[in-house]
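One file, query.txt, is given below (compact mmCIF, C-alpha atoms).
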# COMPACT_ATOMS: atom_id res chain seq x y z
CA PRO N 107 164.95 192.34 -228.68
CA ASP N 108 166.38 191.97 -225.19
CA PRO N 109 165.68 195.20 -223.23
CA ALA N 110 168.70 194.44 -221.05
CA GLN N 111 171.02 194.93 -224.01
CA PRO N 112 172.25 198.50 -224.65
CA TRP N 113 170.52 200.34 -227.47
CA VAL N 114 171.86 203.61 -228.84
CA GLY N 115 168.84 204.47 -231.00
CA GLN N 116 165.46 205.88 -230.08
CA ARG N 117 162.95 203.54 -228.43
CA VAL N 118 159.29 203.73 -229.42
CA GLY N 119 156.44 202.27 -227.39
CA CYS N 120 153.12 201.39 -228.98
CA LEU N 121 149.69 200.63 -227.55
CA GLY N 122 148.42 197.87 -229.81
CA GLY N 123 150.30 195.18 -231.69
CA GLY N 124 148.34 194.45 -234.86
CA GLN N 125 149.36 194.89 -238.49
CA LEU N 126 149.52 198.68 -238.25
CA GLY N 127 152.01 198.35 -235.42
CA GLN N 128 153.91 195.80 -237.47
CA MET N 129 154.18 198.18 -240.42
CA LEU N 130 155.22 201.04 -238.14
CA ALA N 131 158.04 198.88 -236.77
CA LEU N 132 159.09 197.80 -240.27
CA ALA N 133 159.33 201.45 -241.28
CA SER N 134 161.35 202.17 -238.12
CA LEU N 135 164.11 199.62 -238.71
CA PRO N 136 166.05 201.61 -241.35
CA LEU N 137 165.78 204.64 -239.04
CA GLY N 138 167.58 202.83 -236.22
CA LEU N 139 164.53 202.66 -233.95
CA ARG N 140 163.31 199.86 -231.69
CA PHE N 141 159.67 199.11 -230.85
CA THR N 142 158.00 197.72 -227.75
CA PHE N 143 154.29 196.86 -228.01
CA LEU N 144 151.68 196.47 -225.30
CA GLU N 145 149.08 194.06 -226.69
CA PRO N 146 146.71 191.62 -224.89
CA GLN N 147 146.81 188.94 -227.61
CA GLU N 148 149.91 186.77 -227.31
CA GLY N 149 151.87 186.31 -230.53
CA ALA N 150 150.40 189.42 -232.16
CA ALA N 151 151.41 190.42 -235.69
CA ALA N 152 153.78 193.14 -234.45
CA ALA N 153 155.66 190.73 -232.20
CA ALA N 154 157.59 189.55 -235.26
CA VAL N 155 159.38 192.92 -235.49
CA GLY N 156 159.50 194.17 -231.91
CA ARG N 157 159.24 193.27 -228.25
CA GLN N 158 155.74 192.50 -226.96
CA LEU N 159 154.42 193.04 -223.46
CA VAL N 160 151.36 190.78 -223.11
CA GLY N 161 148.49 192.15 -221.05
CA PRO N 162 145.61 194.63 -220.88
CA TYR N 163 146.04 198.15 -222.19
CA ASP N 164 145.12 199.57 -218.79
CA ASP N 165 147.44 197.44 -216.64
CA PRO N 166 149.35 199.99 -214.48
CA ALA N 167 152.46 197.83 -214.11
CA LEU N 168 152.69 197.12 -217.84
CA LEU N 169 152.09 200.78 -218.69
CA GLN N 170 154.94 201.70 -216.36
CA ARG N 171 157.21 199.15 -218.06
CA LEU N 172 156.22 200.43 -221.49
CA GLY N 173 157.02 203.99 -220.45
CA GLU N 174 160.36 202.98 -218.95
CA GLU N 175 161.37 201.11 -222.12
CA SER N 176 160.31 203.95 -224.48
CA ASP N 177 161.56 207.41 -225.34
CA LEU N 178 158.16 208.20 -226.86
CA VAL N 179 154.86 206.35 -227.24
CA THR N 180 152.26 206.09 -229.98
CA PHE N 181 149.20 203.89 -230.62
CA GLU N 182 148.08 201.90 -233.64
CA PHE N 183 144.29 202.01 -233.26
CA GLU N 184 141.81 204.27 -231.50
CA SER N 185 140.13 201.76 -229.17
CA VAL N 186 142.92 201.75 -226.60
CA PRO N 187 141.92 203.52 -223.36
CA GLU N 188 142.42 207.27 -223.51
CA THR N 189 143.31 207.11 -219.79
CA SER N 190 146.27 204.85 -220.60
CA ALA N 191 147.62 207.31 -223.15
CA ALA N 192 147.10 210.18 -220.70
CA LEU N 193 148.94 208.28 -217.95
CA LEU N 194 151.90 207.61 -220.24
CA ALA N 195 151.91 211.30 -221.27
CA GLU N 196 152.64 212.26 -217.64
CA SER N 197 156.13 210.80 -217.93
CA GLY N 198 157.04 211.18 -221.62
CA PRO N 199 155.91 212.23 -225.09
CA VAL N 200 152.79 210.53 -226.47
CA PHE N 201 151.70 211.11 -230.05
CA PRO N 202 149.13 211.72 -231.36
CA PRO N 203 147.93 213.64 -228.27
CA PRO N 204 145.49 211.81 -225.96
CA ARG N 205 142.86 214.46 -226.76
CA ALA N 206 142.80 213.29 -230.39
CA LEU N 207 142.38 209.71 -229.19
CA ALA N 208 139.38 210.73 -227.07
CA VAL N 209 137.74 212.44 -230.05
CA GLY N 210 138.45 209.53 -232.39
CA GLN N 211 136.76 207.13 -229.97
CA ASP N 212 133.44 209.00 -229.91
CA ARG N 213 131.35 209.65 -233.01
CA LEU N 214 129.47 212.51 -231.33
CA LEU N 215 132.69 214.29 -230.36
CA GLU N 216 133.91 213.85 -233.94
CA LYS N 217 130.78 215.45 -235.36
CA GLN N 218 130.98 218.30 -232.85
CA LEU N 219 134.61 218.90 -233.79
CA PHE N 220 133.70 219.08 -237.49
CA GLN N 221 130.86 221.45 -236.67
CA SER N 222 133.12 223.74 -234.62
CA LEU N 223 135.48 224.04 -237.60
CA ARG N 224 132.61 224.56 -240.07
CA ILE N 225 133.43 221.31 -241.85
CA GLU N 226 130.28 220.01 -243.49
CA THR N 227 128.84 216.62 -242.45
CA ALA N 228 125.64 214.65 -242.99
CA ALA N 229 122.78 215.72 -240.74
CA TYR N 230 122.94 213.97 -237.37
CA ALA N 231 121.46 213.98 -233.88
CA GLU N 232 122.54 212.68 -230.48
CA VAL N 233 120.52 209.70 -229.25
CA GLY N 234 120.36 208.46 -225.66
CA SER N 235 116.87 206.99 -225.39
CA PRO N 236 114.02 205.65 -227.55
CA ALA N 237 112.28 209.01 -227.24
CA GLU N 238 115.36 210.86 -228.49
CA LEU N 239 115.69 208.37 -231.33
CA ALA N 240 112.11 208.99 -232.43
CA ALA N 241 112.68 212.74 -232.27
CA ALA N 242 115.95 212.45 -234.22
CA ALA N 243 114.20 210.49 -236.97
CA GLN N 244 112.14 213.59 -237.75
CA MET N 245 115.15 214.92 -239.67
CA GLY N 246 114.37 212.25 -242.26
CA LEU N 247 114.99 208.63 -243.11
CA PRO N 248 116.76 206.50 -244.24
CA ALA N 249 119.50 206.93 -241.66
CA LEU N 250 122.18 204.99 -239.79
CA LEU N 251 121.98 204.48 -236.05
CA LYS N 252 125.62 204.32 -234.88
CA SER N 253 126.96 203.69 -231.39
CA ARG N 254 129.08 206.58 -230.22
CA ARG N 255 131.92 204.24 -229.27
CA LEU N 256 133.66 201.06 -230.53
CA GLY N 257 132.46 201.26 -234.10
CA TYR N 258 134.74 200.19 -236.96
CA ASP N 259 134.57 198.21 -240.21
CA GLY N 260 130.78 198.48 -240.26
CA HIS N 261 130.33 197.24 -236.68
CA ARG N 262 127.84 198.70 -234.17
CA GLN N 263 125.56 200.45 -236.63
CA CYS N 264 122.08 199.71 -237.97
CA LEU N 265 120.36 200.91 -241.11
CA VAL N 266 116.93 202.42 -240.46
CA LEU N 267 114.78 202.68 -243.57
CA GLU N 268 111.45 203.59 -241.96
CA ALA N 269 110.07 204.65 -238.58
CA SER N 270 108.77 201.17 -237.79
CA GLN N 271 112.40 199.93 -237.57
CA LEU N 272 113.53 202.42 -234.93
CA GLU N 273 112.77 200.28 -231.88
CA GLN N 274 114.42 197.19 -233.39
CA ALA N 275 117.54 199.17 -234.29
CA TRP N 276 117.74 200.58 -230.75
CA GLN N 277 117.56 197.05 -229.31
CA GLU N 278 120.04 195.57 -231.80
CA LEU N 279 122.59 198.25 -230.98
CA GLY N 280 122.30 197.44 -227.29
CA GLN N 281 120.54 200.62 -226.12
CA VAL N 282 123.86 202.47 -225.89
CA PRO N 283 124.58 206.19 -226.42
CA SER N 284 124.46 206.72 -230.18
CA ILE N 285 123.98 209.14 -233.01
CA LEU N 286 121.44 208.96 -235.82
CA GLU N 287 123.03 210.05 -239.08
CA ARG N 288 121.02 210.83 -242.17
CA LEU N 289 122.08 208.87 -245.25
CA VAL N 290 123.36 211.15 -247.98
CA PRO N 291 123.38 210.37 -251.72
CA PHE N 292 127.16 210.55 -251.99
CA GLU N 293 128.91 209.78 -255.25
CA ARG N 294 131.95 208.07 -253.76
CA GLU N 295 133.90 207.51 -250.56
CA LEU N 296 137.28 209.22 -250.25
CA SER N 297 139.93 209.73 -247.61
CA VAL N 298 142.89 211.97 -247.05
CA LEU N 299 145.95 211.56 -244.83
CA GLY N 300 147.53 214.58 -243.20
CA VAL N 301 150.67 214.60 -241.08
CA ARG N 302 151.85 217.27 -238.63
CA GLY N 303 155.24 217.51 -236.97
CA ARG N 304 156.21 218.71 -233.51
CA GLU N 305 156.79 222.29 -234.67
CA GLY N 306 153.51 222.52 -236.56
CA GLU N 307 154.80 221.73 -240.06
CA THR N 308 152.27 219.80 -242.15
CA ALA N 309 152.06 217.68 -245.29
CA THR N 310 149.12 216.02 -247.03
CA TYR N 311 148.91 212.91 -249.19
CA PRO N 312 146.73 212.88 -252.33
CA LEU N 313 143.03 212.25 -251.89
CA VAL N 314 142.21 208.57 -252.54
CA GLU N 315 139.03 206.70 -253.52
CA ASN N 316 137.86 203.78 -251.36
CA HIS N 317 135.58 200.83 -252.08
CA HIS N 318 134.17 198.67 -249.29
CA GLN N 319 132.84 195.13 -249.01
CA GLU N 320 130.53 194.31 -246.09
CA GLY N 321 131.72 197.46 -244.34
CA ILE N 322 135.42 196.57 -244.71
CA LEU N 323 137.80 198.44 -246.98
CA ARG N 324 138.58 196.24 -249.98
CA LEU N 325 140.16 198.57 -252.57
CA THR N 326 141.88 201.97 -252.58
CA LEU N 327 142.78 203.90 -255.74
CA ALA N 328 145.54 206.47 -255.39
CA PRO N 329 145.24 209.18 -256.43
CA ALA N 330 141.45 209.33 -256.54
CA PRO N 331 140.32 209.14 -260.19
CA GLN N 332 139.21 212.47 -261.63
CA LEU N 333 141.01 214.29 -258.84
CA THR N 334 140.98 218.03 -259.48
CA PRO N 335 143.22 220.64 -257.83
CA GLU N 336 140.11 222.19 -256.28
CA LEU N 337 139.01 218.93 -254.65
CA GLN N 338 142.52 218.24 -253.36
CA ALA N 339 142.72 221.77 -251.95
CA GLU N 340 139.42 221.26 -250.10
CA ALA N 341 140.65 217.97 -248.61
CA THR N 342 143.97 219.54 -247.62
CA ALA N 343 142.14 222.41 -245.90
CA ILE N 344 139.93 219.98 -243.95
CA ALA N 345 142.90 217.92 -242.79
CA GLY N 346 144.89 221.03 -241.96
CA ALA N 347 142.13 222.54 -239.84
CA LEU N 348 141.78 219.32 -237.83
CA LEU N 349 145.54 218.93 -237.35
CA GLU N 350 145.81 222.50 -236.10
CA GLN N 351 142.78 222.38 -233.80
CA LEU N 352 143.92 219.13 -232.16
CA GLU N 353 147.56 220.33 -231.88
CA TYR N 354 148.27 217.05 -233.56
CA VAL N 355 151.55 215.19 -234.04
CA GLY N 356 151.66 212.24 -236.44
CA VAL N 357 149.40 210.93 -239.21
CA LEU N 358 145.67 211.67 -239.17
CA ALA N 359 143.17 210.03 -241.55
CA VAL N 360 139.94 211.78 -242.52
CA GLU N 361 137.19 209.72 -244.17
CA LEU N 362 135.05 211.76 -246.56
CA PHE N 363 132.03 211.59 -248.86
CA GLN N 364 131.98 213.40 -252.19
CA MET N 365 128.56 214.81 -253.04
CA GLU N 366 127.75 217.27 -255.83
CA GLY N 367 131.35 218.36 -256.15
CA ARG N 368 131.97 219.02 -252.45
CA LEU N 369 133.32 217.03 -249.52
CA LEU N 370 131.45 215.95 -246.39
CA ALA N 371 133.46 214.69 -243.41
CA ASN N 372 132.47 211.27 -242.08
CA GLU N 373 135.02 210.22 -239.46
CA ILE N 374 138.61 210.72 -238.35
CA ALA N 375 141.12 208.05 -237.42
CA PRO N 376 143.90 209.43 -235.18
CA ARG N 377 146.54 207.02 -236.45
CA VAL N 378 147.99 205.46 -239.58
CA HIS N 379 145.16 204.10 -241.70
CA ASN N 380 144.27 201.20 -244.00
CA SER N 381 143.55 203.58 -246.89
CA GLY N 382 147.15 204.79 -246.64
CA HIS N 383 148.80 201.40 -247.18
CA TRP N 384 149.38 202.39 -250.82
CA THR N 385 152.03 204.85 -249.61
CA ILE N 386 154.45 202.01 -248.79
CA ASP N 387 155.10 201.46 -252.50
CA GLY N 388 153.43 204.50 -254.10
CA ALA N 389 154.90 207.55 -252.33
CA PRO N 390 158.42 208.80 -251.54
CA CYS N 391 157.75 208.46 -247.81
CA SER N 392 155.14 206.05 -246.44
CA GLN N 393 152.53 207.07 -243.91
CA PHE N 394 154.31 204.85 -241.38
CA GLU N 395 157.70 206.53 -241.76
CA ASN N 396 156.12 209.99 -241.75
CA HIS N 397 154.22 209.17 -238.56
CA LEU N 398 157.52 208.32 -236.90
CA ARG N 399 159.33 211.32 -238.35
CA ALA N 400 156.62 213.58 -236.98
CA GLY N 401 156.77 212.09 -233.48
CA LEU N 402 160.56 212.26 -233.38
CA GLY N 403 160.63 215.88 -234.55
CA TRP N 404 162.42 214.96 -237.78
CA PRO N 405 161.72 216.57 -241.20
CA LEU N 406 158.63 215.19 -242.91
CA GLY N 407 159.09 213.12 -246.07
CA GLY N 408 157.54 213.54 -249.51
CA THR N 409 153.83 212.78 -249.77
CA GLU N 410 153.24 213.08 -253.52
CA ASN N 411 152.17 209.92 -255.35
CA SER N 412 154.73 208.16 -257.52
CA GLY N 413 152.42 207.36 -260.43
CA TYR N 414 149.22 205.37 -259.82
CA THR N 415 148.55 202.75 -257.15
CA ALA N 416 145.73 200.26 -256.56
CA MET N 417 145.71 198.76 -253.05
CA LEU N 418 143.69 195.55 -252.62
CA ASN N 419 143.03 194.23 -249.11
CA LEU N 420 143.34 190.46 -248.62
CA LEU N 421 140.43 189.32 -246.47
CA GLY N 422 139.75 185.92 -244.91
CA GLU N 423 142.42 183.83 -246.62
CA GLU N 424 145.97 184.30 -247.85
CA PRO N 425 146.64 184.02 -251.58
CA ASP N 426 149.16 181.80 -253.26
CA PRO N 427 152.15 184.18 -253.55
CA ASP N 428 152.73 182.95 -257.11
CA GLU N 429 149.33 184.32 -258.15
CA VAL N 430 150.29 187.77 -256.89
CA LEU N 431 153.98 188.03 -257.68
CA THR N 432 153.58 186.91 -261.28
CA LEU N 433 152.24 190.44 -261.87
CA PRO N 434 155.24 192.66 -262.66
CA ASP N 435 154.10 195.71 -260.65
CA ALA N 436 152.54 193.92 -257.65
CA HIS N 437 153.93 194.19 -254.11
CA LEU N 438 152.68 191.60 -251.59
CA HIS N 439 152.38 192.47 -247.90
CA LEU N 440 151.30 189.66 -245.53
CA TYR N 441 150.80 190.22 -241.80
CA GLY N 442 151.33 186.69 -240.45
CA LYS N 443 147.84 186.49 -238.94
CA GLU N 444 145.68 183.40 -238.51
CA PRO N 445 143.05 183.26 -241.29
CA ARG N 446 139.39 183.71 -240.41
CA PRO N 447 136.41 185.16 -242.29
CA ARG N 448 136.54 188.91 -243.00
CA ARG N 449 139.92 189.28 -241.25
CA LYS N 450 142.54 191.53 -242.84
CA LEU N 451 145.47 189.22 -243.57
CA GLY N 452 147.48 191.43 -245.91
CA HIS N 453 147.30 193.69 -248.91
CA VAL N 454 148.70 194.05 -252.41
CA ASN N 455 149.91 197.30 -253.93
CA ILE N 456 150.04 197.57 -257.71
CA THR N 457 152.00 200.66 -258.68
CA GLY N 458 153.04 202.12 -262.02
CA GLU N 459 153.19 205.20 -264.22
CA ASP N 460 150.59 203.94 -266.73
CA PRO N 461 147.04 203.82 -265.28
CA ARG N 462 145.91 201.35 -267.95
CA ARG N 463 148.71 198.94 -267.01
CA VAL N 464 147.87 199.23 -263.31
CA THR N 465 144.19 198.66 -264.04
CA ALA N 466 144.89 195.59 -266.18
CA GLN N 467 146.97 194.04 -263.40
CA LEU N 468 144.32 194.87 -260.81
CA LYS N 469 141.71 193.04 -262.89
CA ALA N 470 144.04 190.06 -263.35
CA LEU N 471 144.71 189.91 -259.61
CA ALA N 472 141.02 190.15 -258.74
CA LYS N 473 140.26 187.31 -261.16
CA ALA N 474 143.05 185.11 -259.78
CA LEU N 475 141.90 185.69 -256.21
CA ARG N 476 138.22 185.31 -257.13
CA VAL N 477 137.53 188.79 -255.79
CA SER N 478 134.71 190.90 -257.19
CA VAL N 479 135.85 194.43 -258.01
CA PRO N 480 132.80 196.62 -258.69
CA ALA N 481 132.50 198.22 -262.08
CA SER N 482 132.50 201.63 -260.40
CA ALA N 483 136.02 200.87 -259.17
CA ASP N 484 137.40 200.45 -262.70
CA PRO N 485 139.64 203.50 -263.18
CA ALA N 486 140.75 202.66 -266.73
CA SER N 487 138.50 205.20 -268.43
CA TYR N 488 138.83 208.09 -266.00
CA TRP N 489 142.04 207.70 -263.93
CA SER N 490 143.93 209.62 -266.59
CA VAL N 491 141.99 212.84 -265.91
CA GLY N 492 144.53 215.04 -264.19
CA SER N 493 148.09 213.94 -263.52
CA PRO N 494 149.66 212.18 -260.58

What would you get if you wrote out this structure as structure tokens?
Amino acid sequence: PDPAQPWVGQRVGCLGGGQLGQMLALASLPLGLRFTFLEPQEGAAAAAVGRQLVGPYDDPALLQRLGEESDLVTFEFESVPETSAALLAESGPVFPPPRALAVGQDRLLEKQLFQSLRIETAAYAEVGSPAELAAAAQMGLPALLKSRRLGYDGHRQCLVLEASQLEQAWQELGQVPSILERLVPFERELSVLGVRGREGETATYPLVENHHQEGILRLTLAPAPQLTPELQAEATAIAGALLEQLEYVGVLAVELFQMEGRLLANEIAPRVHNSGHWTIDGAPCSQFENHLRAGLGWPLGGTENSGYTAMLNLLGEEPDPDEVLTLPDAHLHLYGKEPRPRRKLGHVNITGEDPRRVTAQLKALAKALRVSVPASADPASYWSVGSP
């Protein structure tokens, strides 16, 4: 869009222009909004549905332009500089708040936030030197050595099985400030999305079950199979406490482990999240629209699931659309990104009221795409426990 042309609707700026930004802009179009993205990579995915400013996230001139062309600003991933968000907040609304961005960028600050709210986590220790790493290992191994910053999709972490591997892990990670986190025998990985509006109103999506491949999310089942009211209430309480403490506005994702019937917090993502892509086709109001509603001060939309949804990430190569769309309940979402190994190129949502039908189509899709879906991810026998 030409910024010189008059625009009567709200203008939203966004730090980052990947697929999450693209889906935010797609959700904004029916609401009469216009997006401008600041993104270093020319021709980013979001440029197809909004205006792109090409340059670094910390470029003062570009940040000024983004602020001038926006009535409010958000961000689509948590690795943008917190200082950039804080600078933009001096002249206009930024959501989520820069404080949440700072916490989401630092694994130690995340753990300390959980601890302050009495949210249970795996045992962990701060590590800043080989001596501190050796001392931290006394809590027990195996454990994961994770850099405090710039970790996502399995990056910047090392598995330590025994004490003899500590020095190698420290070197492989680059001798950077880290945490050592004790591995826990969790039963499954879950996540919950909460959303909070400007006036403090909140809503929570159903807890979902996630399955990963090489550290990257491959499959989400919504709602989580065998989801009980008690487990959902615990997840809602965790999300609510974090939203309140951070004085949050927008969508917040909380990644969780289930162990012996209780939830342990792993990480937060102060933004819309891959495990919430199912909401585009499986909920009355998607996470992307609700994020925008919250930032604009509009009423939040419905977050209950509309039946059952399986979300399959498309990694590395795009499928033949015929192989996907031949399935009656499949919805194909492609991001227009250049294929390369392990890259998220799109996702498929399979949604329906019958869990057996959804499961059968998921298996057919996985077979057609030559994707291995682990047996533990087969919800056919236990998705029907509880109701959507």

*asked:* For Leu169 (chain N), find every residue with an atom within 9 Å (counting all atoms listed in the file), except residues of its own chain fewer than 4 positions away, and show them as a PyMOL selection string.
replied: chain N and resi 144+163-165+173-174+190+193-194

*Using all atoms listed in the file, which residues sit within 10 Å of Pro427 (chain N) once same-chain residues fewer than 5 positions away are excluded, as a PyMOL selection string?*
chain N and resi 432+438+440

Dump as a PDB file, keeping the file's coordinate frame, selection limited to C-alpha atoms:
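Output file selection-v5.pdb follows:
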ATOM      1  CA  THR N 432     153.580 186.910-261.280  1.00  0.00           C
ATOM      2  CA  LEU N 438     152.680 191.600-251.590  1.00  0.00           C
ATOM      3  CA  LEU N 440     151.300 189.660-245.530  1.00  0.00           C
TER       4      LEU N 440
END

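Of the listed residues (N:Leu296, N:Leu139, N:Leu352, N:Leu471), N:Leu296 comes nearest to His317 (chain N); the distances count all atoms listed in the file.
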
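Closest approach to Val314 (chain N) among N:Leu370, N:Leu358, N:Ala343, N:Met417: N:Met417, based on all atoms listed in the file.
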
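Residue nearest Glu293 (chain N) within the list N:Tyr230, N:Phe363, N:Phe394, N:Tyr354: N:Phe363 [criterion: smallest interatomic distance, all atoms listed in the file].
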
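Non-sequential neighbours of region 276-284 of chain N (distance at most 9 Å, separation of 5 or more positions within a chain, all atoms listed in the file) are Arg213, Leu214, Ala231, Glu232, Val233, Gly234, Ser235, Pro236, Leu239, Leu251, Lys252, Ser253, Arg254, Arg255, Arg262, Gln263, Cys264 and Gln271 of chain N.
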
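If only C-alpha atoms are the atoms counted, then among N:Val155, N:Phe141, N:Glu148, N:Thr310 the closest residue to Leu172 (chain N) is N:Phe141.
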
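Candidate residues N:Thr180, N:Gln211, N:Asn411, N:Gln125 were compared for distance to Pro199 (chain N), and the nearest is N:Thr180, using only C-alpha atoms.
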
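For the pair CA of Glu423 (chain N) and CA of Ala131 (chain N), the interatomic distance is 23.8 Å.
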
*asked:* At a cut-off of 8 Å, using only C-alpha atoms, what residues contact Leu420 (chain N)? Leave out same-chain residues fewer than 3 positions from it and give the result as a PyMOL selection string.
replied: chain N and resi 324+423-425+450-454

Just to be explicit: take each residue in the selection above, keep C-alpha atoms, and write the result as a PDB file, in the frame of the given file.
ATOM      1  CA  ARG N 324     138.580 196.240-249.980  1.00  0.00           C
ATOM      2  CA  GLU N 423     142.420 183.830-246.620  1.00  0.00           C
ATOM      3  CA  GLU N 424     145.970 184.300-247.850  1.00  0.00           C
ATOM      4  CA  PRO N 425     146.640 184.020-251.580  1.00  0.00           C
ATOM      5  CA  LYS N 450     142.540 191.530-242.840  1.00  0.00           C
ATOM      6  CA  LEU N 451     145.470 189.220-243.570  1.00  0.00           C
ATOM      7  CA  GLY N 452     147.480 191.430-245.910  1.00  0.00           C
ATOM      8  CA  HIS N 453     147.300 193.690-248.910  1.00  0.00           C
ATOM      9  CA  VAL N 454     148.700 194.050-252.410  1.00  0.00           C
TER      10      VAL N 454
END

*asked:* Need to verify the contact set: Leu219 (chain N), 9 Å, only C-alpha atoms, exclusion of same-chain residues closer than 6 positions in sequence. Can you return it as a PyMOL selection string?
replied: chain N and resi 209+225+348+351

Would you tabulate, counting all atoms listed in the file, all residues of region 348-467 of chain N that have an atom at most 12 Å from an atom of region 332-335 of chain N, showing the closest pair of atoms and their distance in Å to one decimal, sorted by chain then ascending number, as a tab-separated table?
residue	atom	partner	partner_atom	distance
N:Gln364	CA	N:Leu333	CA	11.2
N:Gly367	CA	N:Thr334	CA	10.2
N:Arg368	CA	N:Thr334	CA	11.5

*Could you work out how far CA of Gly388 (chain N) lies from CA of Val464 (chain N), giving the answer in Å with one decimal?*
12.0 Å

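Here the question is which of N:Met245, N:Leu325, N:Leu286, N:Val378 gets nearest to Phe181 (chain N) using only C-alpha atoms, and that residue is N:Val378.
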